[in-house]
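Structure file coords34.pdb (PDB, C-alpha atoms) follows.
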MODEL        1
ATOM      1  CA  VAL A   1     -22.876  20.862  38.746
ATOM      2  CA  PHE A   2     -22.599  23.585  36.114
ATOM      3  CA  LEU A   3     -18.791  23.278  36.164
ATOM      4  CA  TYR A   4     -19.009  19.496  35.710
ATOM      5  CA  ILE A   5     -21.404  19.841  32.775
ATOM      6  CA  TYR A   6     -19.173  22.500  31.198
ATOM      7  CA  GLU A   7     -16.071  20.301  31.522
ATOM      8  CA  LEU A   8     -17.983  17.355  30.042
ATOM      9  CA  PHE A   9     -19.008  19.583  27.135
ATOM     10  CA  LEU A  10     -15.377  20.536  26.516
ATOM     11  CA  VAL A  11     -14.275  16.901  26.566
ATOM     12  CA  ARG A  12     -17.040  15.878  24.150
ATOM     13  CA  SER A  13     -16.281  18.834  21.887
ATOM     14  CA  LYS A  14     -12.613  17.865  21.752
ATOM     15  CA  THR A  15     -13.544  14.241  21.030
ATOM     16  CA  MET A  16     -15.818  15.336  18.199
ATOM     17  CA  ALA A  17     -13.085  17.568  16.826
ATOM     18  CA  MET A  18     -10.590  14.741  16.788
ATOM     19  CA  ARG A  19     -12.866  12.187  15.134
ATOM     20  CA  GLN A  20     -11.286  10.457  12.147
ATOM     21  CA  THR A  21     -13.165  11.344   8.955
ATOM     22  CA  PRO A  22     -11.802   9.347   6.012
ATOM     23  CA  LEU A  23     -12.126  10.515   2.434
ATOM     24  CA  THR A  24     -13.979   7.921   0.357
ATOM     25  CA  CYS A  25     -12.757   7.397  -3.202
ATOM     26  CA  SER A  26     -15.363   5.616  -5.306
ATOM     27  CA  GLY A  27     -15.297   4.606  -8.960
ATOM     28  CA  HIS A  28     -14.262   0.960  -8.836
ATOM     29  CA  THR A  29     -16.938  -1.698  -9.172
ATOM     30  CA  ARG A  30     -15.133  -4.686  -7.668
ATOM     31  CA  PRO A  31     -12.721  -5.283  -4.751
ATOM     32  CA  VAL A  32      -9.613  -3.078  -4.582
ATOM     33  CA  VAL A  33      -6.660  -5.433  -4.074
ATOM     34  CA  ASP A  34      -3.532  -3.278  -4.375
ATOM     35  CA  LEU A  35      -2.460   0.354  -4.229
ATOM     36  CA  ALA A  36       0.753   2.346  -4.416
ATOM     37  CA  PHE A  37       1.920   5.945  -4.065
ATOM     38  CA  SER A  38       4.443   7.753  -6.219
ATOM     39  CA  GLY A  39       7.209   9.831  -4.725
ATOM     40  CA  ILE A  40       6.705  13.552  -4.151
ATOM     41  CA  THR A  41       6.870  15.418  -7.464
ATOM     42  CA  PRO A  42       6.615  19.139  -8.354
ATOM     43  CA  TYR A  43       2.888  18.461  -8.835
ATOM     44  CA  GLY A  44       2.362  16.689  -5.540
ATOM     45  CA  TYR A  45       2.167  12.931  -5.201
ATOM     46  CA  PHE A  46      -0.110  10.380  -6.825
ATOM     47  CA  LEU A  47      -1.959   7.165  -6.010
ATOM     48  CA  ILE A  48      -2.708   4.169  -8.227
ATOM     49  CA  SER A  49      -5.158   1.382  -7.390
ATOM     50  CA  ALA A  50      -5.559  -2.152  -8.746
ATOM     51  CA  CYS A  51      -9.028  -3.653  -8.852
ATOM     52  CA  LYS A  52     -10.743  -6.844  -9.926
ATOM     53  CA  ASP A  53     -12.854  -4.747 -12.304
ATOM     54  CA  GLY A  54      -9.802  -4.646 -14.607
ATOM     55  CA  LYS A  55      -9.620  -0.845 -14.606
ATOM     56  CA  PRO A  56      -6.710   0.552 -12.572
ATOM     57  CA  MET A  57      -7.183   4.189 -11.571
ATOM     58  CA  MET A  58      -4.829   7.071 -10.876
ATOM     59  CA  ARG A  59      -5.661   9.784  -8.345
ATOM     60  CA  GLN A  60      -4.170  12.861  -6.752
ATOM     61  CA  GLY A  61      -2.589  11.405  -3.638
ATOM     62  CA  ASP A  62      -3.465  14.011  -1.029
ATOM     63  CA  THR A  63      -7.108  14.491  -2.039
ATOM     64  CA  GLY A  64      -8.127  11.262  -3.751
ATOM     65  CA  ASP A  65      -9.378  13.221  -6.757
ATOM     66  CA  TRP A  66      -9.718  10.972  -9.817
ATOM     67  CA  ILE A  67      -7.268  11.742 -12.626
ATOM     68  CA  GLY A  68      -7.781   8.867 -15.029
ATOM     69  CA  THR A  69      -8.417   5.175 -15.669
ATOM     70  CA  PHE A  70      -6.004   2.914 -17.553
ATOM     71  CA  LEU A  71      -8.081   0.954 -20.079
ATOM     72  CA  GLY A  72      -6.771  -2.145 -21.822
ATOM     73  CA  HIS A  73      -6.736  -5.167 -19.495
ATOM     74  CA  LYS A  74      -9.200  -7.990 -20.111
ATOM     75  CA  GLY A  75      -9.219  -9.432 -16.620
ATOM     76  CA  ALA A  76      -8.846  -8.582 -12.961
ATOM     77  CA  VAL A  77      -5.874  -6.349 -12.139
ATOM     78  CA  TRP A  78      -3.970  -7.743  -9.146
ATOM     79  CA  GLY A  79      -1.034  -5.333  -8.869
ATOM     80  CA  ALA A  80      -0.271  -1.714  -9.726
ATOM     81  CA  THR A  81       2.638   0.642  -9.190
ATOM     82  CA  LEU A  82       3.971   4.071 -10.157
ATOM     83  CA  ASN A  83       7.567   5.074 -10.698
ATOM     84  CA  THR A  84       9.042   7.691  -8.381
ATOM     85  CA  ASP A  85       8.178  10.764 -10.469
ATOM     86  CA  ALA A  86       4.757   9.416 -11.514
ATOM     87  CA  THR A  87       5.531   9.487 -15.236
ATOM     88  CA  LYS A  88       5.105   5.720 -15.670
ATOM     89  CA  ALA A  89       2.644   3.187 -14.311
ATOM     90  CA  ALA A  90       2.696  -0.605 -14.441
ATOM     91  CA  THR A  91      -0.073  -3.125 -13.838
ATOM     92  CA  ALA A  92      -0.291  -6.904 -13.359
ATOM     93  CA  ALA A  93      -3.403  -8.768 -14.427
ATOM     94  CA  ALA A  94      -5.320 -12.020 -14.774
ATOM     95  CA  ASP A  95      -5.230 -11.714 -18.581
ATOM     96  CA  PHE A  96      -1.658 -13.121 -18.430
ATOM     97  CA  THR A  97      -0.082  -9.714 -19.071
ATOM     98  CA  ALA A  98       1.764  -6.928 -17.361
ATOM     99  CA  LYS A  99       1.351  -3.505 -18.932
ATOM    100  CA  VAL A 100       3.427  -0.344 -18.796
ATOM    101  CA  TRP A 101       1.589   2.962 -19.196
ATOM    102  CA  ASP A 102       2.409   6.604 -19.766
ATOM    103  CA  ALA A 103       1.027   7.939 -16.481
ATOM    104  CA  VAL A 104       0.719  11.487 -17.850
ATOM    105  CA  SER A 105      -1.278  10.737 -21.004
ATOM    106  CA  GLY A 106      -2.781   7.417 -19.884
ATOM    107  CA  ASP A 107      -1.579   5.690 -23.045
ATOM    108  CA  GLU A 108      -0.479   2.060 -23.042
ATOM    109  CA  VAL A 109       3.247   1.824 -23.778
ATOM    110  CA  LEU A 110       3.989  -1.897 -23.533
ATOM    111  CA  THR A 111       2.197  -5.199 -23.090
ATOM    112  CA  LEU A 112       4.381  -7.916 -21.616
ATOM    113  CA  ALA A 113       2.932 -11.385 -22.229
ATOM    114  CA  HIS A 114       3.228 -14.027 -19.489
ATOM    115  CA  LYS A 115       2.263 -17.691 -19.269
ATOM    116  CA  HIS A 116      -0.111 -17.277 -16.336
ATOM    117  CA  ILE A 117      -1.820 -14.686 -14.111
ATOM    118  CA  VAL A 118       0.531 -11.820 -13.140
ATOM    119  CA  LYS A 119       0.228 -10.636  -9.532
ATOM    120  CA  THR A 120       2.999  -8.095  -8.935
ATOM    121  CA  VAL A 121       4.965  -5.380 -10.772
ATOM    122  CA  THR A 122       7.616  -2.929  -9.604
ATOM    123  CA  PHE A 123      10.042  -0.503 -11.263
ATOM    124  CA  THR A 124      13.714  -0.033 -10.508
ATOM    125  CA  GLN A 125      14.571   3.421  -9.120
ATOM    126  CA  ASP A 126      15.681   4.624 -12.577
ATOM    127  CA  SER A 127      12.476   3.215 -14.163
ATOM    128  CA  ASN A 128      14.534   1.299 -16.740
ATOM    129  CA  CYS A 129      13.601  -2.200 -15.573
ATOM    130  CA  LEU A 130      10.364  -3.844 -14.475
ATOM    131  CA  LEU A 131      10.151  -6.818 -12.113
ATOM    132  CA  THR A 132       7.117  -9.119 -12.381
ATOM    133  CA  GLY A 133       5.872 -12.228 -10.631
ATOM    134  CA  GLY A 134       2.756 -14.367 -10.625
ATOM    135  CA  ASN A 135       1.138 -17.754 -10.805
ATOM    136  CA  ASP A 136       3.808 -19.342 -13.025
ATOM    137  CA  LYS A 137       6.206 -19.152 -10.022
ATOM    138  CA  LEU A 138       8.864 -17.187 -11.948
ATOM    139  CA  LEU A 139      10.364 -13.757 -11.349
ATOM    140  CA  ARG A 140      11.002 -11.838 -14.564
ATOM    141  CA  ILE A 141      13.133  -8.737 -15.142
ATOM    142  CA  TYR A 142      12.278  -6.743 -18.261
ATOM    143  CA  ASP A 143      14.632  -4.175 -19.783
ATOM    144  CA  LEU A 144      12.168  -1.434 -20.746
ATOM    145  CA  SER A 145      14.701   0.213 -23.040
ATOM    146  CA  ASN A 146      14.811  -3.038 -25.039
ATOM    147  CA  PRO A 147      11.332  -4.555 -24.637
ATOM    148  CA  GLU A 148      11.794  -7.009 -27.511
ATOM    149  CA  ALA A 149      14.572  -8.778 -25.614
ATOM    150  CA  ALA A 150      13.638 -11.857 -23.588
ATOM    151  CA  PRO A 151      13.358 -11.110 -19.871
ATOM    152  CA  GLN A 152      15.741 -12.506 -17.307
ATOM    153  CA  GLU A 153      14.007 -15.256 -15.322
ATOM    154  CA  ILE A 154      14.554 -16.391 -11.749
ATOM    155  CA  ALA A 155      13.138 -19.754 -10.648
ATOM    156  CA  GLY A 156      12.930 -21.201  -7.163
ATOM    157  CA  HIS A 157       9.473 -20.634  -5.713
ATOM    158  CA  THR A 158       7.218 -23.686  -5.738
ATOM    159  CA  SER A 159       3.882 -21.830  -5.694
ATOM    160  CA  ALA A 160       2.400 -18.603  -7.053
ATOM    161  CA  ILE A 161       4.345 -15.416  -6.312
ATOM    162  CA  LYS A 162       2.253 -12.780  -4.540
ATOM    163  CA  LYS A 163       4.697  -9.886  -4.263
ATOM    164  CA  ALA A 164       8.163  -9.026  -5.545
ATOM    165  CA  LEU A 165      10.170  -5.918  -4.678
ATOM    166  CA  TRP A 166      13.557  -4.408  -5.455
ATOM    167  CA  CYS A 167      15.765  -3.709  -2.450
ATOM    168  CA  ASN A 168      19.307  -2.645  -1.543
ATOM    169  CA  ASN A 169      19.460   0.000  -4.309
ATOM    170  CA  ASP A 170      18.049  -2.487  -6.834
ATOM    171  CA  LYS A 171      20.941  -4.913  -6.269
ATOM    172  CA  GLN A 172      18.661  -7.497  -4.692
ATOM    173  CA  ILE A 173      15.080  -8.741  -4.956
ATOM    174  CA  LEU A 174      12.608  -9.797  -2.275
ATOM    175  CA  SER A 175       9.749 -12.133  -3.174
ATOM    176  CA  ALA A 176       6.837 -13.642  -1.240
ATOM    177  CA  ALA A 177       4.867 -16.648  -2.467
ATOM    178  CA  ASP A 178       2.115 -19.099  -1.605
ATOM    179  CA  ASP A 179       4.833 -21.668  -0.790
ATOM    180  CA  LYS A 180       4.945 -19.899   2.624
ATOM    181  CA  THR A 181       8.384 -18.419   1.978
ATOM    182  CA  ILE A 182      10.014 -15.058   1.492
ATOM    183  CA  ARG A 183      13.220 -15.211  -0.527
ATOM    184  CA  LEU A 184      16.063 -12.770  -1.060
ATOM    185  CA  TRP A 185      17.781 -12.921  -4.462
ATOM    186  CA  ASP A 186      20.965 -11.401  -5.851
ATOM    187  CA  ARG A 187      20.230  -9.538  -9.067
ATOM    188  CA  SER A 188      23.598 -10.047 -10.734
ATOM    189  CA  SER A 189      23.992 -13.773 -10.058
ATOM    190  CA  MET A 190      20.220 -14.492 -10.102
ATOM    191  CA  GLU A 191      20.822 -16.799  -7.123
ATOM    192  CA  GLN A 192      18.898 -17.122  -3.879
ATOM    193  CA  VAL A 193      20.733 -15.514  -0.954
ATOM    194  CA  LYS A 194      18.424 -16.228   1.981
ATOM    195  CA  MET A 195      14.962 -17.625   2.710
ATOM    196  CA  LEU A 196      12.365 -17.252   5.460
ATOM    197  CA  THR A 197       9.753 -19.962   6.014
ATOM    198  CA  PHE A 198       6.400 -19.425   7.726
ATOM    199  CA  GLU A 199       3.573 -21.636   8.976
ATOM    200  CA  THR A 200       1.104 -19.873   6.703
ATOM    201  CA  SER A 201       1.277 -17.857   3.502
ATOM    202  CA  VAL A 202       2.479 -14.275   3.747
ATOM    203  CA  SER A 203      -0.422 -11.933   2.931
ATOM    204  CA  SER A 204       1.598  -8.778   2.176
ATOM    205  CA  MET A 205       5.094  -7.336   2.028
ATOM    206  CA  GLU A 206       6.394  -3.749   2.128
ATOM    207  CA  TYR A 207       9.996  -2.611   1.731
ATOM    208  CA  VAL A 208      11.172   0.587   3.463
ATOM    209  CA  PRO A 209      14.534   1.681   1.966
ATOM    210  CA  ASP A 210      15.375   4.016   4.850
ATOM    211  CA  GLY A 211      16.823   1.574   7.353
ATOM    212  CA  GLU A 212      16.292  -1.465   5.092
ATOM    213  CA  VAL A 213      13.102  -2.572   6.856
ATOM    214  CA  LEU A 214      10.853  -5.328   5.517
ATOM    215  CA  VAL A 215       7.239  -5.273   6.742
ATOM    216  CA  ILE A 216       5.310  -8.519   6.300
ATOM    217  CA  THR A 217       1.923  -9.810   7.419
ATOM    218  CA  TYR A 218       0.705 -13.360   7.955
ATOM    219  CA  GLY A 219      -2.247 -14.521  10.024
ATOM    220  CA  ARG A 220      -2.707 -11.970  12.805
ATOM    221  CA  THR A 221       0.983 -11.069  12.812
ATOM    222  CA  VAL A 222       2.708  -7.929  11.571
ATOM    223  CA  ALA A 223       6.456  -8.607  11.530
ATOM    224  CA  PHE A 224       9.450  -6.385  10.828
ATOM    225  CA  TYR A 225      12.695  -7.785   9.447
ATOM    226  CA  ASN A 226      16.019  -6.419   8.334
ATOM    227  CA  ALA A 227      15.656  -6.594   4.558
ATOM    228  CA  LEU A 228      19.300  -7.514   3.946
ATOM    229  CA  SER A 229      19.927 -10.111   6.661
ATOM    230  CA  LEU A 230      16.280 -11.215   7.062
ATOM    231  CA  ASP A 231      16.798 -11.075  10.828
ATOM    232  CA  LEU A 232      13.627 -10.440  12.830
ATOM    233  CA  ILE A 233      13.407  -6.977  14.389
ATOM    234  CA  LYS A 234      10.029  -7.299  16.095
ATOM    235  CA  ALA A 235       6.566  -8.798  15.672
ATOM    236  CA  VAL A 236       3.146  -7.583  16.776
ATOM    237  CA  GLU A 237      -0.071  -9.575  17.134
ATOM    238  CA  ALA A 238      -3.213  -7.804  15.905
ATOM    239  CA  PRO A 239      -6.791  -8.429  17.086
ATOM    240  CA  ALA A 240      -7.831  -9.922  13.727
ATOM    241  CA  PRO A 241      -6.285 -11.593  10.661
ATOM    242  CA  ILE A 242      -4.277  -8.922   8.820
ATOM    243  CA  ASN A 243      -3.983  -8.603   5.049
ATOM    244  CA  SER A 244      -1.656  -5.598   4.808
ATOM    245  CA  ALA A 245       0.476  -3.239   6.896
ATOM    246  CA  SER A 246       2.561  -0.122   6.301
ATOM    247  CA  LEU A 247       5.281   1.590   8.335
ATOM    248  CA  HIS A 248       5.243   5.380   8.677
ATOM    249  CA  PRO A 249       8.189   7.074   6.882
ATOM    250  CA  GLU A 250       9.524   8.323  10.235
ATOM    251  CA  LYS A 251       8.957   4.883  11.802
ATOM    252  CA  ASP A 252       6.913   6.320  14.678
ATOM    253  CA  PHE A 253       4.004   4.002  14.048
ATOM    254  CA  PHE A 254       2.481   1.576  11.584
ATOM    255  CA  VAL A 255      -1.019   0.842  10.318
ATOM    256  CA  ALA A 256      -2.642  -2.471   9.454
ATOM    257  CA  GLY A 257      -5.943  -3.666   8.016
ATOM    258  CA  GLY A 258      -7.604  -7.013   7.522
ATOM    259  CA  GLU A 259     -10.587  -9.272   7.810
ATOM    260  CA  ASP A 260     -12.589  -7.352  10.461
ATOM    261  CA  PHE A 261     -12.991  -4.286   8.175
ATOM    262  CA  LYS A 262     -10.916  -2.129  10.572
ATOM    263  CA  LEU A 263      -7.751  -0.031  10.280
ATOM    264  CA  TYR A 264      -5.389  -0.332  13.253
ATOM    265  CA  LYS A 265      -2.652   2.106  14.224
ATOM    266  CA  PHE A 266       0.200   0.891  16.456
ATOM    267  CA  ASP A 267       3.153   2.578  18.128
ATOM    268  CA  TYR A 268       6.208   1.092  16.391
ATOM    269  CA  SER A 269       8.481   1.349  19.443
ATOM    270  CA  THR A 270       6.135   0.072  22.163
ATOM    271  CA  LYS A 271       3.896  -2.087  19.905
ATOM    272  CA  GLU A 272       0.877  -0.548  21.674
ATOM    273  CA  GLU A 273      -2.391  -0.273  19.752
ATOM    274  CA  LEU A 274      -3.132   3.458  19.538
ATOM    275  CA  GLU A 275      -6.330   3.631  17.517
ATOM    276  CA  SER A 276      -8.710   1.574  15.428
ATOM    277  CA  TYR A 277     -11.202   2.828  12.874
ATOM    278  CA  LYS A 278     -14.009   1.147  10.984
ATOM    279  CA  GLY A 279     -15.033   2.754   7.716
ATOM    280  CA  HIS A 280     -14.994   0.017   5.099
ATOM    281  CA  PHE A 281     -17.872  -2.393   4.550
ATOM    282  CA  GLY A 282     -15.657  -5.335   3.696
ATOM    283  CA  PRO A 283     -12.210  -6.763   4.486
ATOM    284  CA  VAL A 284      -9.269  -4.419   3.967
ATOM    285  CA  HIS A 285      -6.914  -5.814   1.318
ATOM    286  CA  CYS A 286      -4.189  -3.156   1.160
ATOM    287  CA  VAL A 287      -2.918  -0.162   3.118
ATOM    288  CA  ARG A 288      -0.034   2.247   2.458
ATOM    289  CA  PHE A 289       1.326   5.483   3.906
ATOM    290  CA  SER A 290       1.714   8.483   1.623
ATOM    291  CA  PRO A 291       5.319   9.546   0.922
ATOM    292  CA  ASP A 292       5.011  12.556   3.250
ATOM    293  CA  GLY A 293       3.435  10.421   5.982
ATOM    294  CA  GLU A 294       0.444  12.756   6.371
ATOM    295  CA  LEU A 295      -2.130  10.128   5.410
ATOM    296  CA  TYR A 296      -2.566   6.464   4.643
ATOM    297  CA  ALA A 297      -4.753   4.870   1.992
ATOM    298  CA  SER A 298      -6.713   1.641   2.263
ATOM    299  CA  GLY A 299      -8.384  -0.517  -0.373
ATOM    300  CA  SER A 300     -11.178  -2.924   0.385
ATOM    301  CA  GLU A 301     -13.473  -5.711  -0.748
ATOM    302  CA  ASP A 302     -16.212  -3.044  -0.745
ATOM    303  CA  GLY A 303     -14.730  -1.522  -3.926
ATOM    304  CA  THR A 304     -13.576   1.753  -2.380
ATOM    305  CA  LEU A 305     -10.353   3.405  -1.373
ATOM    306  CA  ARG A 306     -10.310   5.517   1.761
ATOM    307  CA  LEU A 307      -7.785   8.118   2.814
ATOM    308  CA  TRP A 308      -7.143   8.482   6.560
ATOM    309  CA  GLN A 309      -5.342  11.271   8.407
ATOM    310  CA  THR A 310      -2.208  10.271  10.277
ATOM    311  CA  ALA A 311      -2.645  13.194  12.713
ATOM    312  CA  VAL A 312      -6.401  13.551  13.172
ATOM    313  CA  GLY A 313      -7.528  17.178  13.363
ATOM    314  CA  LYS A 314      -4.791  18.634  11.195
ATOM    315  CA  THR A 315      -5.689  20.806   8.208
ATOM    316  CA  TYR A 316      -4.331  18.934   5.191
ATOM    317  CA  GLY A 317      -5.592  18.228   1.677
ATOM    318  CA  LEU A 318      -9.392  18.202   1.853
ATOM    319  CA  TRP A 319      -9.476  18.059   5.654
ATOM    320  CA  LYS A 320     -10.330  21.372   7.248
ATOM    321  CA  CYS A 321     -10.051  21.817  10.996
ATOM    322  CA  VAL A 322     -11.766  24.825  12.573
ATOM    323  CA  LEU A 323     -10.860  25.505  16.217
ATOM    324  CA  PRO A 324     -11.811  26.736  18.735
ATOM    325  CA  GLY A 325     -14.742  28.915  17.618
ATOM    326  CA  ASN A 326     -16.400  25.973  15.853
ATOM    327  CA  ASN A 327     -15.318  22.809  17.588
ATOM    328  CA  PHE A 328     -15.300  20.448  14.652
ATOM    329  CA  CYS A 329     -13.057  18.951  12.055
ATOM    330  CA  HIS A 330     -14.511  17.750   8.790
ATOM    331  CA  SER A 331     -13.681  16.512   5.355
ATOM    332  CA  LEU A 332     -14.609  18.893   2.555
ATOM    333  CA  MET A 333     -15.152  15.884   0.309
ATOM    334  CA  ASN A 334     -17.826  14.486   2.635
ATOM    335  CA  ALA A 335     -19.232  17.833   3.778
ATOM    336  CA  PRO A 336     -22.862  18.711   2.902
ATOM    337  CA  PHE A 337     -21.859  21.924   1.131
TER
ENDMDL
END
Is it possible to express this structure as structure tokens?
Amino acid sequence: VFLYIYELFLVRSKTMAMRQTPLTCSGHTRPVVDLAFSGITPYGYFLISACKDGKPMMRQGDTGDWIGTFLGHKGAVWGATLNTDATKAATAAADFTAKVWDAVSGDEVLTLAHKHIVKTVTFTQDSNCLLTGGNDKLLRIYDLSNPEAAPQEIAGHTSAIKKALWCNNDKQILSAADDKTIRLWDRSSMEQVKMLTFETSVSSMEYVPDGEVLVITYGRTVAFYNALSLDLIKAVEAPAPINSASLHPEKDFFVAGGEDFKLYKFDYSTKEELESYKGHFGPVHCVRFSPDGELYASGSEDGTLRLWQTAVGKTYGLWKCVLPGNNFCHSLMNAPF
């Protein structure tokens, strides 16, 4: 009996030690609808969040520590991104503008006027051009070295554009819209190359340059396509409607979040559900892996971002794991001391 109780204690201790403890990043006052990481810089990596409160925020990526708030929009911010070295930020908003910011000083650099709500912004790899899309159904390419010049415009979508991304070394563009399509465009000719049609609107889209993988979500489905051919690689059905998904940099697994407030982790090869965690108090709108793959961030209707460990129990950032003398693993951010 004593041996059984002792073994049960060990099992429970190990379970407690491996419990996922997300870091909660507060500060926003409305739903968080988009987030993006920078690349890894000499100062670490960074995280930007877009929120309906109109005040995008920048944070240290591995800890969630607040760095600054970009002030200037007069409406909900629907999209936000950082360039690779985290020196520039861009935001898309309901005030009919996209803005470019100095991500070091926080100063506004450019305001790019649009004819309707802007939903998505993304830099080229060299940070010289900005791609935007929104409710006026047009893709626009701005030359940031010549901001007074009229942008190049690409027409074709018949409803509001939700997301637009550069791909294939910035030679092509991927766009997803409420017309239930994803389209691939050639940058030089400005012509449509291919199109995918779905039964319902695509809720999110992520491009993974390594291997040219396109991750999309619609309904309960997380689907993976070749970004150049738009051929389906695989699809996975989740337990609930999914709003966003992200593939781990090493492609071992992917995470997804949606309407049931949960974060799901799946094995990419076998499609098996590995874990699920509930921490948010509202639907999850966006989720992304950090560039080193050590954590993933989620943004929710509840107005918070949360950072989750990829390998639970590992000492990283603000997570401190103490074993075996004290069988627990905690977050220093949420600790009582």
Legend entry - Residues selected by the PyMOL selection byres ((chain A and resi 177) around 8), written as a PyMOL selection string: chain A and resi 157+159-163+175-176+178-182+201-202
Legend entry - Test item: residues at most 7 Å from range 48-54 of chain A, all atoms listed in the file, excluding those fewer than 5 positions along its chain, as a VMD selection string: chain A and resid 28 to 37 59 73 to 82
Inset, instruction - Just give me the gap between CA of Val104 in chain A and CA of Asp65 in chain A in Å, one decimal is fine. - result: 15.1 Å
Name the residues captured by the PyMOL selection byres ((chain A and resi 266-282) around 9) when it is applied to the shown file; answer as a CSV table (one decimal) with C-alpha atoms, in the frame of the given file.
chain,number,residue,atom,x,y,z
A,20,GLN,CA,-11.3,10.5,12.1
A,21,THR,CA,-13.2,11.3,9.0
A,22,PRO,CA,-11.8,9.3,6.0
A,31,PRO,CA,-12.7,-5.3,-4.8
A,234,LYS,CA,10.0,-7.3,16.1
A,235,ALA,CA,6.6,-8.8,15.7
A,236,VAL,CA,3.1,-7.6,16.8
A,237,GLU,CA,-0.1,-9.6,17.1
A,238,ALA,CA,-3.2,-7.8,15.9
A,247,LEU,CA,5.3,1.6,8.3
A,248,HIS,CA,5.2,5.4,8.7
A,251,LYS,CA,9.0,4.9,11.8
A,252,ASP,CA,6.9,6.3,14.7
A,253,PHE,CA,4.0,4.0,14.0
A,254,PHE,CA,2.5,1.6,11.6
A,255,VAL,CA,-1.0,0.8,10.3
A,256,ALA,CA,-2.6,-2.5,9.5
A,259,GLU,CA,-10.6,-9.3,7.8
A,260,ASP,CA,-12.6,-7.4,10.5
A,261,PHE,CA,-13.0,-4.3,8.2
A,262,LYS,CA,-10.9,-2.1,10.6
A,263,LEU,CA,-7.8,0.0,10.3
A,264,TYR,CA,-5.4,-0.3,13.3
A,265,LYS,CA,-2.7,2.1,14.2
A,283,PRO,CA,-12.2,-6.8,4.5
A,284,VAL,CA,-9.3,-4.4,4.0
A,298,SER,CA,-6.7,1.6,2.3
A,299,GLY,CA,-8.4,-0.5,-0.4
A,300,SER,CA,-11.2,-2.9,0.4
A,301,GLU,CA,-13.5,-5.7,-0.7
A,302,ASP,CA,-16.2,-3.0,-0.7
A,303,GLY,CA,-14.7,-1.5,-3.9
A,304,THR,CA,-13.6,1.8,-2.4
A,305,LEU,CA,-10.4,3.4,-1.4
A,306,ARG,CA,-10.3,5.5,1.8
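Note that the spacing between CA of Leu230 in chain A and CA of Ile242 in chain A amounts to 20.8 Å.
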Legend entry - Picked residues, the PyMOL selection byres ((chain A and resi 244) around 6), expected as a PyMOL selection string: chain A and resi 204+242-243+245+256-257+286-287
Only C-alpha atoms, please: the residues just picked out, written as a PDB file, in the coordinates of the input.
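Resulting contents of out.pdb:
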ATOM      1  CA  SER A 204       1.598  -8.778   2.176  1.00  0.00           C
ATOM      2  CA  ILE A 242      -4.277  -8.922   8.820  1.00  0.00           C
ATOM      3  CA  ASN A 243      -3.983  -8.603   5.049  1.00  0.00           C
ATOM      4  CA  ALA A 245       0.476  -3.239   6.896  1.00  0.00           C
ATOM      5  CA  ALA A 256      -2.642  -2.471   9.454  1.00  0.00           C
ATOM      6  CA  GLY A 257      -5.943  -3.666   8.016  1.00  0.00           C
ATOM      7  CA  CYS A 286      -4.189  -3.156   1.160  1.00  0.00           C
ATOM      8  CA  VAL A 287      -2.918  -0.162   3.118  1.00  0.00           C
TER       9      VAL A 287
END
Legend entry - Among the residues A:Gly68, A:Asn169, A:Leu174, A:Leu307, the one that comes closest to Met205 in chain A [using all atoms listed in the file]: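 The closest residue to Met205 in chain A is A:Leu174.
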Using only C-alpha atoms, determine which residues lie at most 8 Å from range 133-146 of chain A, disregarding the query and same-chain residues fewer than 3 positions distant; provide the list as a PDB file with C-alpha atoms, keeping the file's coordinate frame.
ATOM      1  CA  LYS A 115       2.263 -17.691 -19.269  1.00  0.00           C
ATOM      2  CA  HIS A 116      -0.111 -17.277 -16.336  1.00  0.00           C
ATOM      3  CA  ILE A 117      -1.820 -14.686 -14.111  1.00  0.00           C
ATOM      4  CA  VAL A 118       0.531 -11.820 -13.140  1.00  0.00           C
ATOM      5  CA  LYS A 119       0.228 -10.636  -9.532  1.00  0.00           C
ATOM      6  CA  THR A 120       2.999  -8.095  -8.935  1.00  0.00           C
ATOM      7  CA  VAL A 121       4.965  -5.380 -10.772  1.00  0.00           C
ATOM      8  CA  ASN A 128      14.534   1.299 -16.740  1.00  0.00           C
ATOM      9  CA  CYS A 129      13.601  -2.200 -15.573  1.00  0.00           C
ATOM     10  CA  LEU A 130      10.364  -3.844 -14.475  1.00  0.00           C
ATOM     11  CA  ALA A 149      14.572  -8.778 -25.614  1.00  0.00           C
ATOM     12  CA  ALA A 150      13.638 -11.857 -23.588  1.00  0.00           C
ATOM     13  CA  PRO A 151      13.358 -11.110 -19.871  1.00  0.00           C
ATOM     14  CA  GLN A 152      15.741 -12.506 -17.307  1.00  0.00           C
ATOM     15  CA  GLU A 153      14.007 -15.256 -15.322  1.00  0.00           C
ATOM     16  CA  ILE A 154      14.554 -16.391 -11.749  1.00  0.00           C
ATOM     17  CA  ALA A 155      13.138 -19.754 -10.648  1.00  0.00           C
ATOM     18  CA  GLY A 156      12.930 -21.201  -7.163  1.00  0.00           C
ATOM     19  CA  HIS A 157       9.473 -20.634  -5.713  1.00  0.00           C
ATOM     20  CA  THR A 158       7.218 -23.686  -5.738  1.00  0.00           C
ATOM     21  CA  SER A 159       3.882 -21.830  -5.694  1.00  0.00           C
ATOM     22  CA  ALA A 160       2.400 -18.603  -7.053  1.00  0.00           C
ATOM     23  CA  ILE A 161       4.345 -15.416  -6.312  1.00  0.00           C
ATOM     24  CA  LYS A 162       2.253 -12.780  -4.540  1.00  0.00           C
ATOM     25  CA  LYS A 163       4.697  -9.886  -4.263  1.00  0.00           C
ATOM     26  CA  ALA A 164       8.163  -9.026  -5.545  1.00  0.00           C
TER      27      ALA A 164
END
Legend entry - CA of Met58 in chain A to CA of Glu108 in chain A, distance in Å rounded to a single decimal: 13.9 Å
